[in-house]
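> My questions will all concern the structure given below.
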Amino acid sequence: MNWEGEKEVNPSQGVLIYGCTFLDPSNSVPGESAGILVKDGKIAGYVDHDSMKNLDKDQIQLINASGLSLLPGFIDCHLHLTGLSQGLPPSSWLIRDVGELLIRAVRQAWELLMAGFTTVVDNSHNGSIINSMIRRKEIVGPRIIPCGKGLAATGGAGHVPYFPERLIRQRHPWAITCDGVDKLRLEVRKLRRDGSDWIKFWTSGAGMSDRDQWTDVHYSQEEMNAIVAEAHRYGLKVMTHCTCNPAAKMAVTAGVDCIIHGEGLDKELKGLLSGNDVVWLPTLGILRMLRNPLGLPVRENPILSKHFDNVRDYYAEGVRIALGSDTFADDMTPFGRHGLREIKELMNAGLDSMAALRVATVEGGRLLGQEQSLGSLKVGAAADVLLVQGRLDLDPSVLDDAAKVVFVMREGEIVKDFLRLSNHPPKDFGPFRQLTGV
């Protein structure tokens with residue numbers, strides 16, 4: 001057999017997907033490949049047309065994917081598994097039963113996976129719990145990188161008007177109010193203790209009240225420095241919400257790994273991002289929603305027009321961009337579907353289809369420091385594989401319908417197979433696995 005990889009592999013122990021069109025943003029698939037072999041949860045190699053003729057079809061699971069496109073699983077580097085069905089008003093976030101929210105968040109995680117998001121970075125109080133349940137194989141969901149709750153200054157993103165601070169701290173879905181260098185360092189340690197692999201904080205306003213403006217800078221340079229230094233001391237990466245240039249410049253100076261939103265970035269910031277290898281998550285879809293209440297075309301909204309142009313220009317000039325959808329509630333940002341829209345928004349901003357897919361896969365893996373295993377079709381990478389009806393590289397409208405993602409494999413396990421391509425389709429439909437021995 002003519003396998004592409006360092007070691008000879010035994011196809012009798014694997015799954016071979018063939019007949020598909022490879023959409024490979026990482027440029028890892030050999031040109032003569034007719035199929036991809038998955039073994040032990042990883043991509044084991046590729047088989048050419050001649051080898052296909054000699055396969056012992058009784059010793060390997062063959063999946064005929066003719067007419068479908070194969071690509072790596074998507075990576076969403078910023079969302080909130082809140083369990084919220086309703087995004088507004090903020091008061092609704094605090095009055096729901098926490099058990100109800102957790103159960104709904106489990107379903108939201110499953111919906112992300114069904115839409116093709118095999119890895120997500122979660123900023124909420126639910127992510128660590130759900131991640132543990134997924135790793136124990138009690139439920140079905142994506143690979144979750146937990147942030148826990150983000151750090152917010154008094155009066156900022158962690159504030160909900162007219163509610164007592166103690167209740168807000170207990171029930172807020174994604175933020176903790178904390179101020180001062182020493183208290184912020186302590187909170188970072190607590191987040192690490194409770195399972196966070198990333199730290200998030202708000203450098204600027206989030207529009208939570210008339211005292212919380214998007215142009216506000218919420219932390220001092222010393223406070224930002226303390227958050228980043230403490231996180232990095234433990235090997236945790238840091239992302240930050242930035243909605244104005246002064247805050248973004250302070251955050252980059254502090255050493256953050258990633259900025260979220262980044263509205264109105266200027267030429268100085270472009271140089272700072274590139275020079276410091278800081279990744280930008282432009283969150284185009286959520287900004288189109290929140291910054292454009294009249295629903296105007298992008299070119300008729302000066303804020304959006306500049307933001308979309310920056311995505312196109314910055315990417316062309318080498319600034320690293322990854323996908324972050326800021327999905328947070330069922331009604332405003334449906335889980336999975338909103339993330340697919342974000343890929344399409346990248347195309348609307350001027351990225352070609354393969355560049356947008358690269359942002360949604362390869363660049364996410366790089367940001368997470370796992371580019372050898374996530375967001376790629378490289379031999380040895382995790383077998384996070386999607387089959388999609390249609391050609392995403394030719395027809396962006398495929399992203400309008402999550403049902404077009406007809407097959408999802410995560411670490412070699414088939415978790416979605418709506419066309420029954422496999423001899424062993426998943427037993428479970430929905431997030432909860434069937435119990436054995438009952």
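Just so we're on the same page: first chain in the structure tokens is A, next is B, and so on; residues restart at 1 for each chain, and ligands are numbered from 1 in the order they show up.
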In stretch 56-106 of chain A, what's strand (DSSP E or B) per DSSP? Answer as a list of chain:residue names?
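Taking stretch 56-106 of chain A and keeping strand (DSSP E or B) only, one gets A:Gln61, A:Leu62, A:Ile63, A:Asn64, A:Leu68, A:Ser69, A:Leu70, A:Leu71, A:Pro72, A:Phe74, A:Ile75, A:Asp76, A:Cys77, A:His78, A:Leu79.
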> May I have the residues within 8 Å of A:Asp122 as number ranges by chain, using only C-alpha atoms and disregarding those fewer than 4 positions away in the same chain?
A: 77-81, 127, 144-148
> Let me see the file: selected residues, C-alpha atoms, as a CSV table (one decimal), in the first residue's frame.

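Okay, part-v1.csv is ready:
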```
chain,number,residue,atom,x,y,z
A,77,CYS,CA,-12.0,30.5,19.6
A,78,HIS,CA,-14.6,32.6,21.5
A,79,LEU,CA,-18.1,31.8,22.6
A,80,HIS,CA,-20.3,31.4,25.7
A,81,LEU,CA,-22.0,28.1,26.8
A,127,GLY,CA,-17.5,25.1,30.2
A,144,ILE,CA,-13.9,22.5,25.0
A,145,ILE,CA,-11.0,24.8,26.1
A,146,PRO,CA,-12.5,26.5,29.3
A,147,CYS,CA,-11.9,30.1,30.2
A,148,GLY,CA,-14.3,30.2,33.1
```
> Please report as a tab-separated table every residue of stretch 12-108 of chain A lying within 9 Å of stretch 385-392 of chain A, along with the nearest atom pair and their distance in Å (one decimal), using only C-alpha atoms.

```
residue	atom	partner	partner_atom	distance
A:Cys20	CA	A:Leu387	CA	8.2
A:Thr21	CA	A:Arg391	CA	8.3
A:Leu23	CA	A:Leu392	CA	8.2
A:Ala65	CA	A:Leu387	CA	7.6
A:Gly67	CA	A:Gln389	CA	7.3
A:Leu68	CA	A:Gln389	CA	5.1
A:Ser69	CA	A:Val388	CA	5.1
A:Leu70	CA	A:Leu387	CA	4.6
A:Leu71	CA	A:Leu386	CA	5.4
A:Pro72	CA	A:Val385	CA	4.7
A:Gly73	CA	A:Val385	CA	5.2
A:Phe74	CA	A:Leu386	CA	8.6
```
> How would the residues just picked look written out with C-alpha atoms as a PDB file, in the first residue's frame?

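Dumped to result-v8.pdb:
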```
ATOM      1  CA  CYS A  20     -14.747  13.103  -1.621  1.00  0.00           C
ATOM      2  CA  THR A  21     -13.300  16.446  -2.641  1.00  0.00           C
ATOM      3  CA  LEU A  23     -10.848  21.090   1.074  1.00  0.00           C
ATOM      4  CA  ALA A  65     -18.243  10.139   0.355  1.00  0.00           C
ATOM      5  CA  GLY A  67     -20.223  14.145  -4.060  1.00  0.00           C
ATOM      6  CA  LEU A  68     -19.225  15.500  -0.643  1.00  0.00           C
ATOM      7  CA  SER A  69     -16.441  17.809   0.503  1.00  0.00           C
ATOM      8  CA  LEU A  70     -14.083  16.774   3.316  1.00  0.00           C
ATOM      9  CA  LEU A  71     -12.395  19.317   5.561  1.00  0.00           C
ATOM     10  CA  PRO A  72     -11.045  19.599   9.115  1.00  0.00           C
ATOM     11  CA  GLY A  73     -13.387  20.388  11.994  1.00  0.00           C
ATOM     12  CA  PHE A  74     -14.029  24.067  12.658  1.00  0.00           C
TER      13      PHE A  74
END
```
> Mind giving me the straight-line distance from atom CA of A:Ser204 to atom CA of A:Gly262 in Å, one decimal?
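Separation of atom CA of A:Ser204 and atom CA of A:Gly262: 10.4 Å.
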> When distances are computed from only C-alpha atoms, which of A:Ile36, A:Leu113, A:Cys178, A:Val29 shows the smallest separation from A:Phe407?
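Answer, going by the shortest atom-to-atom distance: A:Leu113.
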> Have a look at A:Glu100, A:Asp417, A:Asp194, A:Glu187 and name the one nearest to A:Ser132; count only C-alpha atoms.
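Between A:Glu100, A:Asp417, A:Asp194, A:Glu187, the residue approaching A:Ser132 most closely is A:Asp194.
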